[in-house]
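Pasting entry_38.txt here (compact mmCIF, C-alpha atoms):
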# COMPACT_ATOMS: atom_id res chain seq x y z
CA MET A 106 94.17 -1.01 21.84
CA ASP A 107 97.48 0.70 21.10
CA ALA A 108 100.82 -0.61 22.39
CA ALA A 109 101.03 1.87 25.27
CA ALA A 110 97.54 0.98 26.47
CA ALA A 111 98.27 -2.74 26.20
CA LYS A 112 101.45 -2.33 28.26
CA ALA A 113 99.65 -0.29 30.93
CA ALA A 114 96.78 -2.77 31.14
CA ALA A 115 99.15 -5.73 31.33
CA SER A 116 100.87 -4.22 34.37
CA ILE A 117 97.68 -4.57 36.44
CA SER A 118 96.12 -7.65 34.81
CA VAL A 119 95.57 -10.98 36.52
CA PRO A 120 98.16 -13.76 36.06
CA GLY A 121 97.67 -15.76 32.89
CA LEU A 122 95.90 -12.98 30.99
CA THR A 123 97.58 -12.00 27.73
CA LEU A 124 96.80 -8.70 26.00
CA THR A 125 97.67 -8.11 22.36
CA ALA A 126 97.94 -4.70 20.70
CA ILE A 127 96.30 -4.09 17.31
CA ASP A 128 97.12 -1.41 14.77
CA SER A 129 93.62 0.02 14.58
CA VAL A 130 90.02 -0.64 15.52
CA PRO A 131 88.21 -2.60 12.78
CA ALA A 132 85.68 -0.55 10.83
CA VAL A 133 82.92 -3.04 11.64
CA ALA A 134 83.54 -2.85 15.40
CA ASP A 135 80.85 -1.47 17.69
CA ALA A 136 81.56 0.15 21.04
CA LEU A 137 80.33 -1.96 23.96
CA ALA A 138 77.66 -0.40 26.13
CA ALA A 139 77.93 -1.10 29.85
CA PRO A 140 74.92 -3.25 30.82
CA ARG A 141 72.74 -2.20 33.72
CA ALA A 142 73.07 -5.38 35.76
CA GLY A 143 70.85 -6.64 38.55
CA LEU A 144 71.99 -9.50 40.79
CA TYR A 145 69.32 -11.56 42.52
CA LYS A 146 69.84 -11.88 46.28
CA PRO A 147 67.52 -14.33 48.05
CA TRP A 148 66.56 -13.88 51.69
CA LEU A 149 68.29 -17.18 52.48
CA ALA A 150 72.03 -16.42 52.52
CA SER A 151 73.83 -17.37 49.32
CA MET A 152 77.60 -17.68 49.21
CA ASP A 153 77.55 -17.74 45.42
CA GLU A 154 75.67 -14.43 45.32
CA GLY A 155 78.49 -12.87 47.30
CA TRP A 156 81.20 -14.27 45.05
CA THR A 157 79.29 -13.25 41.93
CA ARG A 158 78.92 -9.70 43.23
CA PHE A 159 82.63 -9.62 44.12
CA ILE A 160 83.69 -10.68 40.62
CA LEU A 161 81.34 -8.27 38.86
CA GLU A 162 82.49 -5.37 41.02
CA GLN A 163 86.14 -6.26 40.43
CA TYR A 164 85.58 -6.04 36.69
CA GLY A 165 83.56 -2.82 36.75
CA PHE A 166 80.02 -4.04 36.16
CA GLU A 167 78.55 -2.31 39.25
CA PRO A 168 75.63 -4.74 39.81
CA LYS A 169 72.68 -3.73 41.95
CA ASN A 170 71.16 -6.26 44.31
CA LEU A 171 67.61 -7.38 43.65
CA ASP A 172 65.78 -8.99 46.57
CA ASN A 173 62.42 -10.74 46.34
CA LYS A 174 60.48 -7.57 47.01
CA ALA A 175 62.28 -5.65 44.27
CA VAL A 176 61.69 -8.39 41.70
CA LYS A 177 58.02 -8.74 42.59
CA ALA A 178 57.55 -4.99 42.16
CA GLY A 179 58.02 -5.52 38.41
CA ASN A 180 58.86 -2.88 35.79
CA LEU A 181 62.40 -4.28 35.73
CA ASN A 182 63.18 -3.21 32.16
CA GLY A 183 63.24 0.42 33.22
CA ALA A 184 66.23 -0.18 35.50
CA TYR A 185 68.06 -3.24 34.14
CA ASP A 186 69.35 -4.68 30.89
CA VAL A 187 70.38 -8.00 32.43
CA ILE A 188 69.52 -9.89 35.61
CA ILE A 189 71.81 -12.60 37.00
CA LEU A 190 70.54 -15.52 39.07
CA PRO A 191 73.51 -16.89 41.06
CA ASP A 192 73.89 -20.56 41.91
CA VAL A 193 70.81 -20.89 44.12
CA ALA A 194 68.51 -23.92 44.34
CA LYS A 195 65.24 -23.52 42.49
CA GLU A 196 63.27 -24.18 45.70
CA VAL A 197 65.02 -21.32 47.46
CA ILE A 198 64.34 -18.95 44.58
CA SER A 199 60.70 -20.00 44.36
CA THR A 200 59.71 -20.44 48.01
CA GLY A 201 62.62 -19.22 50.12
CA LYS A 202 63.07 -22.66 51.69
CA PRO A 203 65.66 -25.32 50.74
CA GLN A 204 64.60 -28.71 49.48
CA ARG A 205 64.77 -31.44 52.11
CA GLU A 206 65.95 -34.93 51.27
CA GLU A 207 63.52 -37.76 51.91
CA GLY A 208 63.67 -38.70 55.57
CA ALA A 209 65.42 -35.49 56.61
CA MET A 210 64.09 -33.23 59.35
CA ARG A 211 61.41 -30.95 57.94
CA TYR A 212 61.95 -28.19 60.47
CA PHE A 213 62.86 -24.80 59.07
CA PRO A 214 62.95 -21.75 61.36
CA ASP A 215 60.53 -19.07 60.21
CA PRO A 216 62.31 -15.77 59.55
CA PRO A 217 60.61 -12.40 60.18
CA ALA A 218 57.74 -11.82 57.78
CA ASP A 219 59.65 -9.15 55.84
CA TYR A 220 62.40 -11.66 55.06
CA ALA A 221 60.36 -14.79 54.36
CA GLY A 222 59.49 -16.51 51.11
CA GLY A 223 60.85 -16.45 47.60
CA LEU A 224 59.80 -15.04 44.28
CA GLU A 225 56.57 -17.05 44.24
CA LYS A 226 54.29 -16.69 41.20
CA GLU A 227 54.42 -12.90 41.31
CA GLY A 228 58.19 -12.80 41.01
CA ALA A 229 58.26 -15.44 38.29
CA LYS A 230 55.84 -13.36 36.23
CA ALA A 231 57.97 -10.25 36.76
CA LEU A 232 61.03 -12.08 35.40
CA LYS A 233 59.06 -13.35 32.40
CA ASP A 234 57.79 -9.86 31.68
CA PHE A 235 61.37 -8.56 31.94
CA VAL A 236 62.70 -11.04 29.38
CA GLU A 237 59.72 -10.78 27.05
CA GLY A 238 60.17 -7.01 27.14
CA GLY A 239 63.76 -7.20 25.92
CA GLY A 240 65.79 -8.04 29.03
CA THR A 241 68.42 -10.76 29.37
CA LEU A 242 68.28 -13.34 32.18
CA VAL A 243 71.48 -15.21 33.02
CA ALA A 244 71.25 -18.30 35.26
CA LEU A 245 74.27 -19.91 36.90
CA ALA A 246 74.29 -23.64 37.71
CA SER A 247 71.35 -24.59 40.01
CA SER A 248 69.30 -21.51 39.18
CA SER A 249 69.09 -22.83 35.60
CA GLU A 250 66.56 -25.37 36.87
CA TYR A 251 64.37 -22.55 38.14
CA VAL A 252 64.35 -20.98 34.68
CA ILE A 253 63.62 -24.36 33.07
CA ASP A 254 60.65 -24.86 35.41
CA GLU A 255 59.20 -21.35 35.04
CA PHE A 256 59.83 -20.59 31.36
CA ASN A 257 58.44 -22.62 28.50
CA ILE A 258 61.74 -23.55 26.85
CA PRO A 259 62.98 -26.73 25.09
CA VAL A 260 65.56 -27.57 27.76
CA ARG A 261 65.66 -30.03 30.64
CA ASN A 262 68.22 -31.32 33.11
CA ALA A 263 69.29 -34.62 31.56
CA LEU A 264 70.34 -35.90 35.00
CA GLY A 265 66.94 -35.33 36.57
CA ARG A 266 66.26 -39.02 37.15
CA SER A 267 69.90 -40.05 37.53
CA ARG A 268 71.16 -37.76 40.29
CA SER A 269 72.02 -40.70 42.56
CA GLU A 270 74.13 -42.23 39.78
CA PHE A 271 76.17 -39.08 39.18
CA ASN A 272 78.76 -37.54 41.48
CA CYS A 273 81.23 -34.81 40.66
CA PRO A 274 82.40 -33.11 43.87
CA GLY A 275 84.10 -30.10 42.33
CA SER A 276 86.15 -31.45 39.42
CA LEU A 277 87.42 -29.94 36.19
CA LEU A 278 85.56 -31.24 33.15
CA ARG A 279 86.27 -30.74 29.47
CA VAL A 280 83.77 -28.88 27.30
CA GLN A 281 83.76 -28.13 23.61
CA VAL A 282 82.85 -24.52 22.94
CA SER A 283 80.67 -23.53 19.99
CA PRO A 284 82.13 -20.61 18.01
CA GLY A 285 80.28 -17.75 16.39
CA HIS A 286 78.08 -16.64 19.26
CA PRO A 287 78.46 -13.44 21.36
CA VAL A 288 78.53 -15.44 24.61
CA THR A 289 81.45 -17.60 23.44
CA TYR A 290 83.41 -14.77 21.82
CA GLY A 291 87.13 -15.04 22.56
CA LEU A 292 86.89 -18.49 24.14
CA PRO A 293 88.98 -21.38 22.77
CA SER A 294 87.32 -24.29 21.00
CA GLU A 295 87.93 -26.41 24.11
CA THR A 296 88.21 -25.41 27.75
CA THR A 297 87.63 -26.77 31.24
CA VAL A 298 84.79 -25.91 33.60
CA LEU A 299 84.41 -26.58 37.32
CA VAL A 300 81.40 -28.80 38.04
CA ASP A 301 80.06 -29.80 41.44
CA GLU A 302 76.38 -30.40 40.71
CA ALA A 303 74.29 -32.99 38.88
CA LEU A 304 73.38 -30.75 35.97
CA ALA A 305 73.67 -31.17 32.21
CA PHE A 306 71.23 -30.00 29.58
CA GLN A 307 69.25 -31.89 27.01
CA THR A 308 67.69 -29.57 24.47
CA SER A 309 65.70 -29.82 21.28
CA LEU A 310 64.91 -27.56 18.36
CA PRO A 311 62.35 -24.91 19.35
CA GLY A 312 59.43 -23.58 17.39
CA ALA A 313 59.55 -20.59 15.07
CA GLU A 314 59.01 -18.19 17.97
CA MET A 315 62.42 -18.91 19.47
CA GLU A 316 66.07 -19.27 18.45
CA ARG A 317 68.32 -21.59 20.43
CA TRP A 318 72.09 -22.12 20.64
CA VAL A 319 74.19 -24.78 22.35
CA LEU A 320 77.13 -22.74 23.66
CA ALA A 321 79.21 -25.58 25.07
CA SER A 322 78.86 -29.35 25.35
CA TYR A 323 80.63 -32.26 26.99
CA PRO A 324 82.70 -34.63 24.78
CA LYS A 325 80.99 -37.52 23.01
CA THR A 326 83.37 -40.05 24.56
CA PRO A 327 82.88 -40.45 28.35
CA ALA A 328 86.60 -41.07 28.90
CA ASP A 329 87.31 -37.57 27.58
CA VAL A 330 85.03 -35.75 30.03
CA LEU A 331 87.25 -35.62 33.14
CA VAL A 332 90.31 -33.36 33.09
CA SER A 333 91.19 -33.28 36.79
CA GLY A 334 89.59 -34.63 39.95
CA TRP A 335 87.05 -37.41 40.38
CA ILE A 336 83.73 -38.21 38.75
CA ARG A 337 81.18 -41.00 38.73
CA GLY A 338 78.66 -41.27 35.91
CA GLU A 339 80.53 -39.35 33.23
CA GLU A 340 78.67 -41.37 30.61
CA LEU A 341 75.47 -39.62 31.73
CA ILE A 342 76.71 -36.20 30.66
CA ALA A 343 78.69 -37.18 27.56
CA ARG A 344 77.26 -35.40 24.49
CA ARG A 345 75.04 -33.23 26.74
CA ALA A 346 75.06 -29.45 26.67
CA ALA A 347 76.91 -27.58 29.40
CA ALA A 348 75.57 -24.14 28.42
CA VAL A 349 72.70 -22.98 26.23
CA ALA A 350 71.14 -19.68 25.15
CA MET A 351 67.92 -18.73 23.44
CA THR A 352 65.71 -15.85 22.53
CA TYR A 353 62.49 -15.41 24.50
CA GLY A 354 60.05 -12.78 23.33
CA LYS A 355 62.14 -9.68 22.70
CA GLY A 356 64.76 -10.82 25.21
CA LYS A 357 67.28 -13.58 25.84
CA LEU A 358 68.00 -16.42 28.24
CA VAL A 359 71.46 -17.78 29.05
CA LEU A 360 71.77 -20.98 31.09
CA LEU A 361 75.28 -21.84 32.30
CA GLY A 362 75.25 -25.30 33.84
CA PHE A 363 78.38 -24.54 35.84
CA ARG A 364 79.66 -21.68 37.98
CA ALA A 365 81.72 -19.74 35.47
CA GLN A 366 82.88 -17.41 38.27
CA HIS A 367 83.37 -20.06 40.99
CA ARG A 368 84.89 -18.32 44.03
CA ALA A 369 86.87 -15.99 41.73
CA GLN A 370 89.13 -18.97 40.93
CA THR A 371 88.10 -19.80 37.34
CA PRO A 372 89.21 -16.85 35.17
CA ALA A 373 89.32 -19.05 32.06
CA THR A 374 85.52 -19.30 32.20
CA PHE A 375 84.76 -15.72 33.28
CA PRO A 376 84.10 -14.83 29.59
CA PHE A 377 80.95 -16.98 29.59
CA LEU A 378 79.47 -14.68 32.22
CA PHE A 379 80.93 -11.38 31.04
CA ASN A 380 79.96 -11.98 27.41
CA ALA A 381 76.43 -12.89 28.49
CA LEU A 382 76.15 -9.53 30.24
CA TYR A 383 77.43 -7.61 27.23
CA TRP A 384 75.10 -9.60 24.96
CA ALA A 385 72.26 -7.86 26.76
CA THR A 386 73.20 -4.54 25.17
CA ALA A 387 74.62 -5.79 21.88
CA LYS A 388 73.12 -4.32 18.73
CA THR A 389 72.89 -7.74 17.09
CA GLN A 390 72.52 -11.30 18.32
Just give me the structure as structure tokens.
Amino acid sequence: MDAAAAKAAASISVPGLTLTAIDSVPAVADALAAPRAGLYKPWLASMDEGWTRFILEQYGFEPKNLDNKAVKAGNLNGAYDVIILPDVAKEVISTGKPQREEGAMRYFPDPPADYAGGLEKEGAKALKDFVEGGGTLVALASSSEYVIDEFNIPVRNALGRSRSEFNCPGSLLRVQVSPGHPVTYGLPSETTVLVDEALAFQTSLPGAEMERWVLASYPKTPADVLVSGWIRGEELIARRAAAVAMTYGKGKLVLLGFRAQHRAQTPATFPFLFNALYWATAKTQ
């Protein structure tokens, strides 16, 4: 941008954001196309869906809500380039009911029939068809486990059997960011992410039908994981991936194991989400 535009933008920017003017647009630069974004909204109220919608609207993405009925209807590629799954438990996405801990009361009030259930098998197929047809699916935190369960991908939650040994009640953790990928464009080589869930990815090399990238990972040394706050079991996530991406059919999957947009309070990690949305309409991977 030119100096005048940079000065004007800086006058309304958020604190901590630095804009730098350049002399001219590089010849190899491509204009970004605004992605047609859909934001999944389960019948069971989701605070993170509201915060995600707020952030996207603040930054001009104009997301459209997608409830279970709209997803199940299919033909999503005609209306959307990218669909975002906010931080929602996989059970809620799949069945519309939260998971109950062992020994907890099993009672769950039945909502009206029009507002009951989750995506079920029909909705899962519609999302697969969307991605295979060229769409991008972005999963935030807990919803990543839904994608892992429903899509045949070489990723798993490394803490699956160790949840009781890990506790991180909303702390800042250090991650090392992998350069050279559209989703990590503009991010520093090291940053902090807010983590409040037992989630870290273990991934392996896929077959020839898929390309996979580790976008960010936790430090190799457990003592280097925590930046601020409290954590138990940091050795369980050391060396594990915090964010991964892969191709799937003609489309793409992005799994962010943390809430990059947490309550509009983590602007340093907003680029993970925003870049993932723009990746949906990028001319190249």
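Note that the spacing between CA of Leu292 in chain A and CA of Asn272 in chain A amounts to 27.0 Å.
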Given the point (62.8, -15.5, 26.2) in the coordinates of this file, which residues lie within 12 Å, counting only C-alpha atoms, and how would they look as a tab-separated table (two decimals) with C-alpha atoms, in the frame of the given file?
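This is the output file out-v6.tsv:
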chain	number	residue	atom	x	y	z
A	232	LEU	CA	61.03	-12.08	35.40
A	233	LYS	CA	59.06	-13.35	32.40
A	234	ASP	CA	57.79	-9.86	31.68
A	235	PHE	CA	61.37	-8.56	31.94
A	236	VAL	CA	62.70	-11.04	29.38
A	237	GLU	CA	59.72	-10.78	27.05
A	238	GLY	CA	60.17	-7.01	27.14
A	239	GLY	CA	63.76	-7.20	25.92
A	240	GLY	CA	65.79	-8.04	29.03
A	241	THR	CA	68.42	-10.76	29.37
A	242	LEU	CA	68.28	-13.34	32.18
A	243	VAL	CA	71.48	-15.21	33.02
A	252	VAL	CA	64.35	-20.98	34.68
A	253	ILE	CA	63.62	-24.36	33.07
A	255	GLU	CA	59.20	-21.35	35.04
A	256	PHE	CA	59.83	-20.59	31.36
A	257	ASN	CA	58.44	-22.62	28.50
A	258	ILE	CA	61.74	-23.55	26.85
A	259	PRO	CA	62.98	-26.73	25.09
A	311	PRO	CA	62.35	-24.91	19.35
A	314	GLU	CA	59.01	-18.19	17.97
A	315	MET	CA	62.42	-18.91	19.47
A	316	GLU	CA	66.07	-19.27	18.45
A	317	ARG	CA	68.32	-21.59	20.43
A	350	ALA	CA	71.14	-19.68	25.15
A	351	MET	CA	67.92	-18.73	23.44
A	352	THR	CA	65.71	-15.85	22.53
A	353	TYR	CA	62.49	-15.41	24.50
A	354	GLY	CA	60.05	-12.78	23.33
A	355	LYS	CA	62.14	-9.68	22.70
A	356	GLY	CA	64.76	-10.82	25.21
A	357	LYS	CA	67.28	-13.58	25.84
A	358	LEU	CA	68.00	-16.42	28.24
A	359	VAL	CA	71.46	-17.78	29.05
A	360	LEU	CA	71.77	-20.98	31.09
(message) Just checking: using all atoms listed in the file, which residue out of A:Leu378, A:Leu320, A:Val193, A:Val176 ends up closest to Glu250 in chain A?
(response) A:Val193
(request) Just give me the gap between CA of Asp135 in chain A and CA of Phe375 in chain A in Å, one decimal is fine. (result)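 That distance, rounded to one decimal, is 21.5 Å.
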(message) Which residue is closest to Ile198 in chain A? Choose from A:Tyr145, A:Phe166, A:Phe377, A:Phe159 and count only C-alpha atoms.
(response) A:Tyr145
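Residues in contact range of Pro327 in chain A, defined as at most 8 Å between all atoms listed in the file, with sequence neighbours fewer than 3 positions away removed, read Pro324, Val330, Glu339, Glu340, Ile342 and Ala343 of chain A.
Interatomic distance, CA of Gln366 in chain A against CA of Thr297 in chain A: 12.6 Å.
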(request) Write out as an MDAnalysis selection string the residues lying within 12 Å of Leu277 in chain A, counting all atoms listed in the file and excluding same-chain residues fewer than 3 positions away. (result) chainID A and resid 273:274 280 296:302 323 329:336 363:365 367 371 373:374
(message) So that I can see what lies close to Pro168 in chain A, please list as a PyMOL selection string the residues with an atom at most 9 Å from it, counting all atoms listed in the file and leaving out residues fewer than 4 positions away in the same chain.
(response) chain A and resi 141-144+158+161-162
Pull out range 159-172 of chain A, keep N, CA and C atoms, and write it as a PDB file, in the first residue's frame.
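Generated file (decode_17.pdb):
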ATOM      1  N   PHE A 159     -18.401 -12.878  15.331  1.00  0.00           N
ATOM      2  CA  PHE A 159     -18.062 -11.488  15.654  1.00  0.00           C
ATOM      3  C   PHE A 159     -16.736 -11.083  15.011  1.00  0.00           C
ATOM      4  N   ILE A 160     -15.718 -11.915  15.179  1.00  0.00           N
ATOM      5  CA  ILE A 160     -14.400 -11.607  14.621  1.00  0.00           C
ATOM      6  C   ILE A 160     -14.460 -11.524  13.101  1.00  0.00           C
ATOM      7  N   LEU A 161     -15.093 -12.485  12.471  1.00  0.00           N
ATOM      8  CA  LEU A 161     -15.147 -12.494  11.009  1.00  0.00           C
ATOM      9  C   LEU A 161     -15.900 -11.275  10.486  1.00  0.00           C
ATOM     10  N   GLU A 162     -16.975 -10.903  11.144  1.00  0.00           N
ATOM     11  CA  GLU A 162     -17.716  -9.721  10.711  1.00  0.00           C
ATOM     12  C   GLU A 162     -16.906  -8.451  10.915  1.00  0.00           C
ATOM     13  N   GLN A 163     -16.149  -8.391  12.016  1.00  0.00           N
ATOM     14  CA  GLN A 163     -15.316  -7.214  12.275  1.00  0.00           C
ATOM     15  C   GLN A 163     -14.256  -7.013  11.200  1.00  0.00           C
ATOM     16  N   TYR A 164     -13.803  -8.107  10.616  1.00  0.00           N
ATOM     17  CA  TYR A 164     -12.745  -8.030   9.614  1.00  0.00           C
ATOM     18  C   TYR A 164     -13.264  -8.207   8.188  1.00  0.00           C
ATOM     19  N   GLY A 165     -14.574  -8.070   8.005  1.00  0.00           N
ATOM     20  CA  GLY A 165     -15.148  -7.986   6.673  1.00  0.00           C
ATOM     21  C   GLY A 165     -15.359  -9.277   5.919  1.00  0.00           C
ATOM     22  N   PHE A 166     -15.406 -10.412   6.606  1.00  0.00           N
ATOM     23  CA  PHE A 166     -15.589 -11.683   5.901  1.00  0.00           C
ATOM     24  C   PHE A 166     -17.053 -12.014   5.597  1.00  0.00           C
ATOM     25  N   GLU A 167     -17.983 -11.413   6.313  1.00  0.00           N
ATOM     26  CA  GLU A 167     -19.416 -11.597   6.071  1.00  0.00           C
ATOM     27  C   GLU A 167     -19.824 -13.073   6.008  1.00  0.00           C
ATOM     28  N   PRO A 168     -19.572 -13.833   7.083  1.00  0.00           N
ATOM     29  CA  PRO A 168     -19.928 -15.263   7.076  1.00  0.00           C
ATOM     30  C   PRO A 168     -21.439 -15.452   7.128  1.00  0.00           C
ATOM     31  N   LYS A 169     -21.890 -16.551   6.558  1.00  0.00           N
ATOM     32  CA  LYS A 169     -23.294 -16.936   6.634  1.00  0.00           C
ATOM     33  C   LYS A 169     -23.411 -18.162   7.530  1.00  0.00           C
ATOM     34  N   ASN A 170     -24.386 -18.126   8.420  1.00  0.00           N
ATOM     35  CA  ASN A 170     -24.571 -19.258   9.325  1.00  0.00           C
ATOM     36  C   ASN A 170     -25.105 -20.479   8.590  1.00  0.00           C
ATOM     37  N   LEU A 171     -24.579 -21.629   8.977  1.00  0.00           N
ATOM     38  CA  LEU A 171     -25.011 -22.913   8.431  1.00  0.00           C
ATOM     39  C   LEU A 171     -25.489 -23.778   9.585  1.00  0.00           C
ATOM     40  N   ASP A 172     -26.785 -24.031   9.680  1.00  0.00           N
ATOM     41  CA  ASP A 172     -27.276 -24.936  10.709  1.00  0.00           C
ATOM     42  C   ASP A 172     -27.275 -26.368  10.168  1.00  0.00           C
TER      43      ASP A 172
END
